[in-house]
file target27.cif (mmCIF, C-alpha atoms and all ligand atoms)
data_start
loop_
_atom_site.group_PDB
_atom_site.id
_atom_site.type_symbol
_atom_site.label_atom_id
_atom_site.label_comp_id
_atom_site.auth_asym_id
_atom_site.auth_seq_id
_atom_site.Cartn_x
_atom_site.Cartn_y
_atom_site.Cartn_z
ATOM 1 C CA MET Y 1 30.137 14.211 -14.400
ATOM 2 C CA LEU Y 2 29.540 11.858 -11.449
ATOM 3 C CA ILE Y 3 25.881 11.040 -10.739
ATOM 4 C CA ASP Y 4 24.555 8.843 -7.883
ATOM 5 C CA LEU Y 5 20.752 8.727 -7.952
ATOM 6 C CA HIS Y 6 19.710 6.560 -4.978
ATOM 7 C CA THR Y 7 20.789 7.296 -1.402
ATOM 8 C CA HIS Y 8 19.270 7.351 2.084
ATOM 9 C CA SER Y 9 19.573 9.812 4.946
ATOM 10 C CA ASP Y 10 18.504 9.386 8.570
ATOM 11 C CA ARG Y 11 15.072 10.643 7.520
ATOM 12 C CA SER Y 12 14.586 6.967 6.670
ATOM 13 C CA ASP Y 13 17.062 4.167 7.390
ATOM 14 C CA GLY Y 14 20.417 5.747 6.535
ATOM 15 C CA THR Y 15 22.702 7.041 9.284
ATOM 16 C CA ASP Y 16 23.772 10.423 7.838
ATOM 17 C CA THR Y 17 21.718 13.540 8.499
ATOM 18 C CA PRO Y 18 20.707 15.333 5.281
ATOM 19 C CA VAL Y 19 23.546 17.821 5.905
ATOM 20 C CA GLN Y 20 26.090 15.003 6.332
ATOM 21 C CA LEU Y 21 24.796 13.204 3.250
ATOM 22 C CA LEU Y 22 25.197 16.327 1.100
ATOM 23 C CA ALA Y 23 28.677 16.989 2.495
ATOM 24 C CA GLY Y 24 29.572 13.349 1.838
ATOM 25 C CA ALA Y 25 28.407 13.684 -1.749
ATOM 26 C CA VAL Y 26 30.679 16.677 -2.299
ATOM 27 C CA ALA Y 27 33.594 14.892 -0.621
ATOM 28 C CA ALA Y 28 33.016 11.861 -2.882
ATOM 29 C CA GLY Y 29 33.300 14.143 -5.909
ATOM 30 C CA LEU Y 30 29.663 13.802 -6.950
ATOM 31 C CA ASP Y 31 28.080 16.390 -9.243
ATOM 32 C CA VAL Y 32 24.544 15.048 -8.891
ATOM 33 C CA LEU Y 33 22.950 13.322 -5.884
ATOM 34 C CA GLY Y 34 19.539 11.642 -5.762
ATOM 35 C CA VAL Y 35 18.079 11.553 -2.243
ATOM 36 C CA THR Y 36 15.501 8.774 -2.010
ATOM 37 C CA ASP Y 37 14.423 8.036 1.546
ATOM 38 C CA HIS Y 38 11.879 5.251 2.017
ATOM 39 C CA ASP Y 39 8.169 6.129 2.001
ATOM 40 C CA THR Y 40 8.590 9.799 2.884
ATOM 41 C CA THR Y 41 9.359 13.205 1.430
ATOM 42 C CA GLY Y 42 10.170 14.325 4.991
ATOM 43 C CA GLY Y 43 13.801 15.086 4.130
ATOM 44 C CA TRP Y 44 13.145 17.156 1.004
ATOM 45 C CA GLU Y 45 12.949 20.477 2.839
ATOM 46 C CA ALA Y 46 16.151 19.912 4.825
ATOM 47 C CA VAL Y 47 17.999 18.740 1.710
ATOM 48 C CA THR Y 48 16.780 21.740 -0.271
ATOM 49 C CA ALA Y 49 17.840 24.143 2.474
ATOM 50 C CA ALA Y 50 21.282 22.582 2.996
ATOM 51 C CA ARG Y 51 22.293 21.931 -0.624
ATOM 52 C CA PRO Y 52 25.865 23.087 -1.354
ATOM 53 C CA ALA Y 53 25.919 25.496 -4.333
ATOM 54 C CA GLY Y 54 27.926 23.226 -6.635
ATOM 55 C CA LEU Y 55 25.838 20.105 -6.120
ATOM 56 C CA THR Y 56 22.751 19.255 -8.158
ATOM 57 C CA VAL Y 57 20.106 17.369 -6.156
ATOM 58 C CA VAL Y 58 17.351 15.210 -7.624
ATOM 59 C CA LEU Y 59 14.637 14.746 -5.006
ATOM 60 C CA GLY Y 60 12.838 11.421 -4.820
ATOM 61 C CA THR Y 61 11.485 8.634 -2.660
ATOM 62 C CA GLU Y 62 11.922 4.871 -2.606
ATOM 63 C CA PHE Y 63 8.408 3.411 -2.459
ATOM 64 C CA SER Y 64 7.807 0.057 -0.742
ATOM 65 C CA THR Y 65 5.713 -2.039 -3.111
ATOM 66 C CA GLN Y 66 4.724 -5.654 -3.542
ATOM 67 C CA VAL Y 67 3.670 -8.075 -6.247
ATOM 68 C CA ALA Y 68 1.609 -11.189 -5.552
ATOM 69 C CA LEU Y 69 3.141 -14.509 -6.592
ATOM 70 C CA ALA Y 70 1.437 -17.831 -5.853
ATOM 71 C CA GLY Y 71 -0.349 -16.449 -2.797
ATOM 72 C CA ARG Y 72 2.762 -14.786 -1.399
ATOM 73 C CA GLN Y 73 3.964 -11.190 -1.660
ATOM 74 C CA VAL Y 74 7.297 -10.384 -3.258
ATOM 75 C CA SER Y 75 8.803 -7.076 -2.116
ATOM 76 C CA VAL Y 76 9.801 -4.646 -4.883
ATOM 77 C CA HIS Y 77 11.292 -1.194 -4.376
ATOM 78 C CA LEU Y 78 10.247 1.578 -6.738
ATOM 79 C CA LEU Y 79 12.097 4.882 -7.014
ATOM 80 C CA GLY Y 80 9.955 7.930 -7.727
ATOM 81 C CA TYR Y 81 11.765 11.101 -8.804
ATOM 82 C CA LEU Y 82 10.598 14.710 -9.121
ATOM 83 C CA PHE Y 83 6.935 14.084 -8.281
ATOM 84 C CA ASP Y 84 4.591 16.583 -6.632
ATOM 85 C CA PRO Y 85 5.143 16.015 -2.881
ATOM 86 C CA THR Y 86 1.708 17.483 -2.115
ATOM 87 C CA ASP Y 87 -0.123 15.006 -4.340
ATOM 88 C CA PRO Y 88 -2.971 13.785 -2.057
ATOM 89 C CA THR Y 89 -2.793 10.140 -3.199
ATOM 90 C CA ILE Y 90 0.936 9.940 -2.490
ATOM 91 C CA VAL Y 91 0.664 11.813 0.809
ATOM 92 C CA ALA Y 92 -2.049 9.397 1.988
ATOM 93 C CA GLU Y 93 -0.168 6.305 0.822
ATOM 94 C CA HIS Y 94 3.083 7.413 2.449
ATOM 95 C CA LEU Y 95 1.190 7.944 5.700
ATOM 96 C CA ARG Y 96 -0.335 4.464 5.485
ATOM 97 C CA LEU Y 97 3.071 2.911 4.727
ATOM 98 C CA ARG Y 98 4.743 4.666 7.644
ATOM 99 C CA GLN Y 99 1.997 3.489 10.041
ATOM 100 C CA ALA Y 100 2.369 -0.046 8.687
ATOM 101 C CA ARG Y 101 6.155 0.167 9.164
ATOM 102 C CA LEU Y 102 5.680 1.235 12.788
ATOM 103 C CA LEU Y 103 3.334 -1.647 13.633
ATOM 104 C CA ARG Y 104 5.459 -4.172 11.762
ATOM 105 C CA GLY Y 105 8.701 -2.931 13.294
ATOM 106 C CA MET Y 106 7.235 -3.241 16.776
ATOM 107 C CA ALA Y 107 5.931 -6.738 15.936
ATOM 108 C CA ILE Y 108 9.472 -7.812 14.967
ATOM 109 C CA VAL Y 109 10.827 -6.298 18.201
ATOM 110 C CA GLN Y 110 8.178 -8.181 20.231
ATOM 111 C CA ARG Y 111 9.211 -11.471 18.619
ATOM 112 C CA LEU Y 112 12.859 -10.794 19.436
ATOM 113 C CA VAL Y 113 12.035 -9.753 23.015
ATOM 114 C CA ALA Y 114 9.910 -12.895 23.467
ATOM 115 C CA ALA Y 115 12.974 -14.915 22.426
ATOM 116 C CA GLY Y 116 15.026 -13.189 25.118
ATOM 117 C CA VAL Y 117 16.926 -10.703 22.937
ATOM 118 C CA PRO Y 118 17.685 -7.658 25.131
ATOM 119 C CA ILE Y 119 16.249 -4.796 23.053
ATOM 120 C CA SER Y 120 13.068 -2.750 23.478
ATOM 121 C CA GLU Y 121 10.414 -0.936 21.453
ATOM 122 C CA GLN Y 122 11.361 2.331 23.149
ATOM 123 C CA GLN Y 123 15.016 1.909 22.133
ATOM 124 C CA VAL Y 124 14.160 1.210 18.477
ATOM 125 C CA LEU Y 125 11.788 4.208 18.359
ATOM 126 C CA GLU Y 126 14.572 6.392 19.754
ATOM 127 C CA ILE Y 127 16.986 5.136 17.088
ATOM 128 C CA ALA Y 128 14.422 5.749 14.330
ATOM 129 C CA ALA Y 129 13.841 9.267 15.734
ATOM 130 C CA GLY Y 130 10.660 9.846 13.772
ATOM 131 C CA ALA Y 131 11.846 8.214 10.541
ATOM 132 C CA PRO Y 132 9.741 5.482 8.908
ATOM 133 C CA VAL Y 133 10.742 2.438 10.986
ATOM 134 C CA GLY Y 134 12.830 -0.135 9.133
ATOM 135 C CA ARG Y 135 14.815 -3.223 9.956
ATOM 136 C CA PRO Y 136 18.101 -1.253 9.981
ATOM 137 C CA HIS Y 137 16.850 0.639 13.063
ATOM 138 C CA ILE Y 138 16.235 -2.695 14.798
ATOM 139 C CA GLY Y 139 19.652 -3.809 13.554
ATOM 140 C CA ARG Y 140 21.306 -0.894 15.324
ATOM 141 C CA ALA Y 141 19.520 -1.848 18.543
ATOM 142 C CA LEU Y 142 20.874 -5.395 18.110
ATOM 143 C CA VAL Y 143 24.393 -3.995 17.651
ATOM 144 C CA ALA Y 144 23.968 -1.812 20.767
ATOM 145 C CA ALA Y 145 22.779 -4.873 22.711
ATOM 146 C CA GLY Y 146 25.952 -6.685 21.676
ATOM 147 C CA VAL Y 147 24.171 -9.630 20.051
ATOM 148 C CA VAL Y 148 25.594 -8.879 16.563
ATOM 149 C CA ASP Y 149 28.674 -6.983 15.381
ATOM 150 C CA SER Y 150 27.048 -4.975 12.591
ATOM 151 C CA VAL Y 151 23.731 -4.170 10.930
ATOM 152 C CA THR Y 152 24.839 -6.399 8.046
ATOM 153 C CA ASP Y 153 25.289 -9.279 10.519
ATOM 154 C CA ALA Y 154 21.837 -8.514 11.927
ATOM 155 C CA PHE Y 155 20.321 -8.848 8.431
ATOM 156 C CA ALA Y 156 22.096 -12.171 7.961
ATOM 157 C CA THR Y 157 20.686 -13.529 11.243
ATOM 158 C CA TYR Y 158 17.923 -12.016 13.394
ATOM 159 C CA LEU Y 159 16.469 -9.771 10.672
ATOM 160 C CA SER Y 160 16.575 -12.231 7.783
ATOM 161 C CA GLY Y 161 13.414 -12.388 5.690
ATOM 162 C CA GLN Y 162 13.603 -16.165 6.064
ATOM 163 C CA GLY Y 163 14.090 -16.092 9.830
ATOM 164 C CA PRO Y 164 11.586 -16.710 12.654
ATOM 165 C CA TYR Y 165 11.381 -13.058 13.718
ATOM 166 C CA TYR Y 166 10.488 -11.647 10.319
ATOM 167 C CA VAL Y 167 7.129 -9.936 9.862
ATOM 168 C CA PRO Y 168 6.111 -8.693 6.392
ATOM 169 C CA LYS Y 169 4.420 -5.336 5.834
ATOM 170 C CA PRO Y 170 1.449 -4.479 3.620
ATOM 171 C CA ASP Y 171 3.133 -2.486 0.863
ATOM 172 C CA THR Y 172 1.558 -0.699 -2.124
ATOM 173 C CA ASP Y 173 0.719 -2.845 -5.132
ATOM 174 C CA LEU Y 174 3.452 -2.159 -7.661
ATOM 175 C CA PRO Y 175 1.242 -1.183 -10.644
ATOM 176 C CA ALA Y 176 -0.688 1.254 -8.409
ATOM 177 C CA ALA Y 177 2.569 2.803 -7.216
ATOM 178 C CA VAL Y 178 3.828 3.260 -10.790
ATOM 179 C CA SER Y 179 0.562 4.961 -11.769
ATOM 180 C CA MET Y 180 0.577 7.115 -8.652
ATOM 181 C CA ILE Y 181 4.059 8.520 -9.286
ATOM 182 C CA ALA Y 182 3.359 9.119 -12.988
ATOM 183 C CA ALA Y 183 0.056 10.861 -12.162
ATOM 184 C CA ALA Y 184 1.909 13.154 -9.743
ATOM 185 C CA GLY Y 185 4.215 14.300 -12.563
ATOM 186 C CA GLY Y 186 7.117 12.161 -11.422
ATOM 187 C CA VAL Y 187 9.399 9.537 -12.905
ATOM 188 C CA PRO Y 188 9.003 5.905 -11.708
ATOM 189 C CA VAL Y 189 12.174 3.789 -11.884
ATOM 190 C CA LEU Y 190 12.432 0.172 -10.665
ATOM 191 C CA ALA Y 191 15.041 -0.012 -7.882
ATOM 192 C CA HIS Y 192 17.483 -2.982 -7.970
ATOM 193 C CA PRO Y 193 15.065 -5.170 -10.020
ATOM 194 C CA ARG Y 194 17.420 -8.160 -9.648
ATOM 195 C CA GLY Y 195 18.499 -7.415 -6.081
ATOM 196 C CA ARG Y 196 16.938 -9.992 -3.776
ATOM 197 C CA GLY Y 197 14.283 -12.204 -5.309
ATOM 198 C CA GLU Y 198 12.477 -9.529 -7.346
ATOM 199 C CA GLY Y 199 13.363 -11.417 -10.520
ATOM 200 C CA ARG Y 200 10.720 -14.011 -9.652
ATOM 201 C CA VAL Y 201 7.997 -11.481 -10.515
ATOM 202 C CA LEU Y 202 9.790 -8.789 -12.550
ATOM 203 C CA THR Y 203 9.964 -10.773 -15.775
ATOM 204 C CA PRO Y 204 10.527 -8.875 -19.025
ATOM 205 C CA ASP Y 205 6.830 -9.300 -19.921
ATOM 206 C CA TYR Y 206 5.699 -8.015 -16.546
ATOM 207 C CA ILE Y 207 8.035 -5.008 -16.768
ATOM 208 C CA GLY Y 208 6.472 -4.358 -20.183
ATOM 209 C CA THR Y 209 3.029 -4.038 -18.549
ATOM 210 C CA LEU Y 210 4.495 -1.504 -16.093
ATOM 211 C CA VAL Y 211 5.862 0.543 -19.004
ATOM 212 C CA ASP Y 212 2.267 0.879 -20.228
ATOM 213 C CA LEU Y 213 1.415 2.400 -16.822
ATOM 214 C CA GLY Y 214 4.232 4.944 -16.991
ATOM 215 C CA LEU Y 215 7.350 3.121 -15.776
ATOM 216 C CA ALA Y 216 10.243 5.204 -17.116
ATOM 217 C CA GLY Y 217 13.398 3.424 -16.027
ATOM 218 C CA VAL Y 218 15.298 0.599 -14.378
ATOM 219 C CA GLU Y 219 18.247 0.725 -12.010
ATOM 220 C CA VAL Y 220 20.901 -1.288 -13.833
ATOM 221 C CA ASP Y 221 24.121 -0.546 -11.948
ATOM 222 C CA HIS Y 222 23.479 -1.358 -8.291
ATOM 223 C CA PRO Y 223 25.748 -3.066 -5.708
ATOM 224 C CA ASP Y 224 23.356 -6.057 -5.562
ATOM 225 C CA HIS Y 225 23.615 -6.687 -9.333
ATOM 226 C CA GLY Y 226 26.301 -8.902 -10.840
ATOM 227 C CA PRO Y 227 27.691 -8.427 -14.361
ATOM 228 C CA GLU Y 228 25.308 -10.918 -15.983
ATOM 229 C CA VAL Y 229 22.198 -9.272 -14.565
ATOM 230 C CA ARG Y 230 23.448 -5.830 -15.601
ATOM 231 C CA GLY Y 231 23.826 -7.068 -19.165
ATOM 232 C CA GLU Y 232 20.316 -8.511 -19.162
ATOM 233 C CA LEU Y 233 18.836 -5.285 -17.776
ATOM 234 C CA ARG Y 234 20.732 -3.108 -20.266
ATOM 235 C CA GLU Y 235 19.333 -5.165 -23.124
ATOM 236 C CA LEU Y 236 15.834 -5.027 -21.641
ATOM 237 C CA ALA Y 237 15.985 -1.266 -21.080
ATOM 238 C CA GLY Y 238 17.155 -0.737 -24.658
ATOM 239 C CA ARG Y 239 14.311 -2.862 -25.997
ATOM 240 C CA LEU Y 240 11.618 -1.177 -23.859
ATOM 241 C CA GLY Y 241 12.954 2.369 -24.239
ATOM 242 C CA LEU Y 242 13.677 2.685 -20.513
ATOM 243 C CA VAL Y 243 16.129 5.021 -18.817
ATOM 244 C CA MET Y 244 19.059 3.137 -17.208
ATOM 245 C CA THR Y 245 20.256 4.415 -13.865
ATOM 246 C CA GLY Y 246 23.150 3.521 -11.609
ATOM 247 C CA SER Y 247 23.366 4.215 -7.886
ATOM 248 C CA SER Y 248 25.118 3.226 -4.689
ATOM 249 C CA ASP Y 249 21.968 2.882 -2.519
ATOM 250 C CA TYR Y 250 24.126 4.450 0.198
ATOM 251 C CA HIS Y 251 22.809 3.973 3.772
ATOM 252 C CA GLY Y 252 25.669 5.539 5.781
ATOM 253 C CA SER Y 253 27.199 3.105 8.268
ATOM 254 C CA ASN Y 254 24.220 0.699 8.047
ATOM 255 C CA LYS Y 255 25.772 -0.735 4.881
ATOM 256 C CA THR Y 256 29.364 -1.028 3.723
ATOM 257 C CA LEU Y 257 29.011 0.633 0.316
ATOM 258 C CA ARG Y 258 30.319 4.075 -0.623
ATOM 259 C CA LEU Y 259 28.647 7.139 -2.109
ATOM 260 C CA GLY Y 260 29.314 7.209 -5.847
ATOM 261 C CA GLN Y 261 30.279 3.529 -5.901
ATOM 262 C CA GLU Y 262 27.853 3.104 -8.819
ATOM 263 C CA HIS Y 263 26.726 5.907 -11.103
ATOM 264 C CA THR Y 264 24.388 7.074 -13.850
ATOM 265 C CA ALA Y 265 25.486 8.319 -17.287
ATOM 266 C CA PRO Y 266 24.737 12.040 -17.903
ATOM 267 C CA GLU Y 267 22.562 11.354 -20.978
ATOM 268 C CA GLN Y 268 20.503 8.879 -18.949
ATOM 269 C CA LEU Y 269 19.929 11.525 -16.268
ATOM 270 C CA ALA Y 270 18.882 13.988 -18.983
ATOM 271 C CA ALA Y 271 16.394 11.408 -20.295
ATOM 272 C CA LEU Y 272 15.065 10.859 -16.784
ATOM 273 C CA ILE Y 273 14.537 14.588 -16.253
ATOM 274 C CA ASP Y 274 12.813 14.747 -19.654
ATOM 275 C CA ARG Y 275 10.290 12.195 -18.442
ATOM 276 C CA SER Y 276 9.133 14.382 -15.518
ATOM 277 C CA SER Y 277 6.289 16.848 -15.927
ATOM 278 C CA GLY Y 278 8.470 19.634 -14.511
ATOM 279 C CA VAL Y 279 6.311 19.967 -11.377
ATOM 280 C CA VAL Y 280 9.539 19.545 -9.370
ATOM 281 C CA ARG Y 281 12.846 20.479 -11.018
ATOM 282 C CA PRO Y 282 16.307 19.258 -10.070
ATOM 283 C CA LEU Y 283 17.945 21.720 -7.695
ATOM 284 C CA GLY Y 284 21.243 23.368 -8.520
ATOM 285 C CA PRO Y 285 23.636 23.858 -11.418
ATOM 286 C CA LEU Y 286 22.098 21.250 -13.708
ATOM 287 C CA ALA Y 287 18.646 22.839 -13.439
ATOM 288 C CA ARG Y 288 20.089 26.190 -14.511
ATOM 289 C CA ALA Y 289 21.981 24.535 -17.359
ATOM 290 C CA GLY Y 290 18.601 23.511 -18.779
ATOM 291 C CA GLY Y 291 17.671 20.020 -19.829
ATOM 292 C CA GLY Y 292 14.327 18.431 -19.324
ATOM 293 C CA GLU Y 293 12.155 21.289 -20.506
HETATM 294 P P1 LIG Y 301 12.780 -3.025 5.687
HETATM 295 O O1 LIG Y 301 12.436 -1.941 4.718
HETATM 296 O O2 LIG Y 301 12.432 -2.645 7.069
HETATM 297 O O3 LIG Y 301 12.222 -4.371 5.302
HETATM 298 O O4 LIG Y 301 14.381 -3.191 5.665
HETATM 299 C C1 LIG Y 301 15.045 -3.385 4.446
HETATM 300 C C2 LIG Y 301 15.909 -2.169 4.136
HETATM 301 O O5 LIG Y 301 17.102 -2.258 4.858
HETATM 302 C C3 LIG Y 301 16.311 -2.030 2.661
HETATM 303 O O6 LIG Y 301 16.055 -0.701 2.255
HETATM 304 C C4 LIG Y 301 17.799 -2.222 2.673
HETATM 305 O O7 LIG Y 301 18.419 -1.429 1.711
HETATM 306 C C5 LIG Y 301 18.155 -1.747 4.064
HETATM 307 N N1 LIG Y 301 19.414 -2.184 4.615
HETATM 308 C C6 LIG Y 301 20.203 -1.373 5.319
HETATM 309 N N2 LIG Y 301 21.285 -2.027 5.722
HETATM 310 C C7 LIG Y 301 21.209 -3.262 5.245
HETATM 311 C C8 LIG Y 301 22.077 -4.390 5.323
HETATM 312 N N3 LIG Y 301 23.219 -4.334 5.977
HETATM 313 N N4 LIG Y 301 21.680 -5.520 4.703
HETATM 314 C C9 LIG Y 301 20.519 -5.555 4.036
HETATM 315 N N5 LIG Y 301 19.674 -4.507 3.940
HETATM 316 C C10 LIG Y 301 20.011 -3.371 4.541
HETATM 317 ZN ZN ZN Y 302 16.827 1.333 3.110
HETATM 318 FE FE FE Y 303 15.737 -0.679 -1.911
HETATM 319 FE FE FE Y 304 17.401 2.086 -1.156
#

call {"tool": "encode", "arguments": {"input": "target27.cif", "output": "structure tokens"}}
result
Amino acid sequence: MLIDLHTHSDRSDGTDTPVQLLAGAVAAGLDVLGVTDHDTTGGWEAVTAARPAGLTVVLGTEFSTQVALAGRQVSVHLLGYLFDPTDPTIVAEHLRLRQARLLRGMAIVQRLVAAGVPISEQQVLEIAAGAPVGRPHIGRALVAAGVVDSVTDAFATYLSGQGPYYVPKPDTDLPAAVSMIAAAGGVPVLAHPRGRGEGRVLTPDYIGTLVDLGLAGVEVDHPDHGPEVRGELRELAGRLGLVMTGSSDYHGSNKTLRLGQEHTAPEQLAALIDRSSGVVRPLGPLARAGGGE
């Protein structure tokens, strides 16, 4: 059974429509697909409606969170699975995050325009097409303007977090986000906890404090994790009783990785489903086969 639990559609910063993403999952031989757009449940309805009969879908969101370290904010991504999408706290926080993304995205564009880069706010908003605005949308504008060859090149240059055009965004405090997802009946899982600098704040002790708030899992197998880090996270998850997931973090043509490139073991998925309140069930064959009740 092939399970990929973390992917993005064009309802956030992927390039595939929900229909294309689902078709891609089937073509890649996946049995279970997690759809986890950033800071929105806006794609859940389309994904539910378009799900091919043989594919199990686990609905979720990737929450933008932050942890303070020495007066600076470190960005941490938190996956939330199978939570109540009508939960008022989450609905309000997603709205705030999307507004913050819009303002911050436009601020980055203004910095680029001021430096003479030929893109515009209007163009980036058209590319985002109503999705929560992210740097990949600006990256596509930079590709269209001919100043970089790919979105990956854009991240290495104009969109770098260390570069002069970068503007941070006010994300949710990580402990609050963990509590919020757990309170809404969902399953909080740390996304790529050793991806890009998260390790500075996500120490084993700190992750332990998140477990007390309801953290249920860690993403171990992720394209940004090398073998050493995966070993460390496996050991940590075993010690803290956390579910271990694996996922591609597929973004369509914005990134070079493939659907199903990394995957989750079936018993780990069963443990994840067990940790949800049941307010939202997986959709498809696996739900009918039981598990999690
Ligand atoms: P933002 O959320 O606006 O700060 O942008 C960061 C997001 O861009 C993360 O979700 C990344 O996964 C995503 N992303 C998409 N394509 C790339 C890429 N080529 N390099 C780095 N990050 C990327
Ligand atoms: Zn993304
Ligand atoms: Fe992420
Ligand atoms: Fe992601």

call {"tool": "resolve_selection", "arguments": {"input": "target27.cif", "expression": "the PyMOL selection byres (((not hetatm)) within 8 of (chain Y and resi 304))", "output": "list of chain:residue names"}}
result
Y:His6, Y:Thr7, Y:His8, Y:Thr36, Y:Asp37, Y:His38, Y:Glu62, Y:His77, Y:Ala191, Y:Asp249, Y:Tyr250, Y:His251

call {"tool": "write_last_selection", "arguments": {"input": "target27.cif", "atoms": "C-alpha atoms", "output": "compact mmCIF listing (two decimals), keeping the file's coordinate frame"}}
result
# COMPACT_ATOMS: atom_id res chain seq x y z
CA HIS Y 6 19.71 6.56 -4.98
CA THR Y 7 20.79 7.30 -1.40
CA HIS Y 8 19.27 7.35 2.08
CA THR Y 36 15.50 8.77 -2.01
CA ASP Y 37 14.42 8.04 1.55
CA HIS Y 38 11.88 5.25 2.02
CA GLU Y 62 11.92 4.87 -2.61
CA HIS Y 77 11.29 -1.19 -4.38
CA ALA Y 191 15.04 -0.01 -7.88
CA ASP Y 249 21.97 2.88 -2.52
CA TYR Y 250 24.13 4.45 0.20
CA HIS Y 251 22.81 3.97 3.77

call {"tool": "residues_near_ligand", "arguments": {"input": "target27.cif", "ligand": "ligand FE 303 (chain Y)", "cutoff": "12 Å", "atoms": "all atoms listed in the file", "output": "VMD selection string"}}
result
chain Y and resid 6 to 8 12 to 14 36 to 39 61 to 65 75 to 80 134 189 to 196 198 219 222 to 224 247 to 251

call {"tool": "resolve_selection", "arguments": {"input": "target27.cif", "expression": "the PyMOL selection byres (((not hetatm)) within 6 of (chain Y and resi 301))", "output": "PyMOL selection string"}}
result
chain Y and resi 134-136+151-152+155+254-255

call {"tool": "residues_around", "arguments": {"input": "target27.cif", "residues": "Y:Asp84", "least_positions_apart": "2", "cutoff": "6 Å", "atoms": "only C-alpha atoms", "output": "PDB file with C-alpha atoms, in the coordinates of the input"}}
result
ATOM      1  CA  THR Y  86       1.708  17.483  -2.115  1.00  0.00           C
ATOM      2  CA  ASP Y  87      -0.123  15.006  -4.340  1.00  0.00           C
ATOM      3  CA  ALA Y 184       1.909  13.154  -9.743  1.00  0.00           C
TER       4      ALA Y 184
END

call {"tool": "closest_residue", "arguments": {"input": "target27.cif", "among": "Y:Gly241, Y:Pro282, Y:Pro52, Y:Gly252", "to": "ligand ZN 302 (chain Y)", "atoms": "only C-alpha atoms and all ligand atoms"}}
result
Y:Gly252

call {"tool": "resolve_selection", "arguments": {"input": "target27.cif", "expression": "the PyMOL selection byres (((chain Y and resi 178) around 12) and not hetatm)", "output": "count of residues only"}}
result
41

call {"tool": "atom_distance", "arguments": {"input": "target27.cif", "atom1": "atom CA of Y:Leu95", "atom2": "atom CA of Y:Leu272"}}
result
26.6 Å

call {"tool": "closest_residue", "arguments": {"input": "target27.cif", "among": "Y:Pro170, Y:Gly246, Y:Pro88, Y:Gly43", "to": "Y:Leu103", "atoms": "only C-alpha atoms"}}
result
Y:Pro170

call {"tool": "closest_residue", "arguments": {"input": "target27.cif", "among": "Y:Gly54, Y:Gly139, Y:Pro164, Y:Gly116", "to": "ligand ZN 302 (chain Y)", "atoms": "all atoms listed in the file"}}
result
Y:Gly139

call {"tool": "closest_residue", "arguments": {"input": "target27.cif", "among": "Y:Thr40, Y:Thr56, Y:Thr15, Y:Gln268", "to": "Y:Met244", "atoms": "only C-alpha atoms"}}
result
Y:Gln268

call {"tool": "closest_residue", "arguments": {"input": "target27.cif", "among": "Y:His225, Y:His137, Y:Lys169, Y:Arg104", "to": "ligand ZN 302 (chain Y)", "atoms": "all atoms listed in the file"}}
result
Y:His137

call {"tool": "decode", "arguments": {"input": "target27.cif", "residues": "stretch 266-291 of chain Y", "atoms": "C-alpha atoms", "output": "tab-separated table (two decimals), in the first residue's frame"}}
result
chain	number	residue	atom	x	y	z
Y	266	PRO	CA	0.29	1.52	6.61
Y	267	GLU	CA	0.46	0.87	10.38
Y	268	GLN	CA	1.62	4.46	10.93
Y	269	LEU	CA	-1.37	5.75	8.95
Y	270	ALA	CA	-3.66	3.53	11.04
Y	271	ALA	CA	-2.13	5.02	14.20
Y	272	LEU	CA	-2.63	8.53	12.83
Y	273	ILE	CA	-6.29	7.86	12.07
Y	274	ASP	CA	-6.67	6.40	15.57
Y	275	ARG	CA	-5.52	9.70	17.02
Y	276	SER	CA	-8.35	11.68	15.37
Y	277	SER	CA	-11.66	12.19	17.13
Y	278	GLY	CA	-13.52	10.88	14.07
Y	279	VAL	CA	-15.09	14.28	13.35
Y	280	VAL	CA	-13.70	13.94	9.81
Y	281	ARG	CA	-13.01	10.45	8.44
Y	282	PRO	CA	-10.65	9.50	5.63
Y	283	LEU	CA	-12.55	9.32	2.35
Y	284	GLY	CA	-12.63	6.16	0.29
Y	285	PRO	CA	-11.74	2.48	0.51
Y	286	LEU	CA	-9.68	2.72	3.69
Y	287	ALA	CA	-12.53	4.39	5.58
Y	288	ARG	CA	-14.85	1.54	4.63
Y	289	ALA	CA	-12.22	-1.02	5.61
Y	290	GLY	CA	-12.44	0.36	9.15
Y	291	GLY	CA	-9.50	1.44	11.23
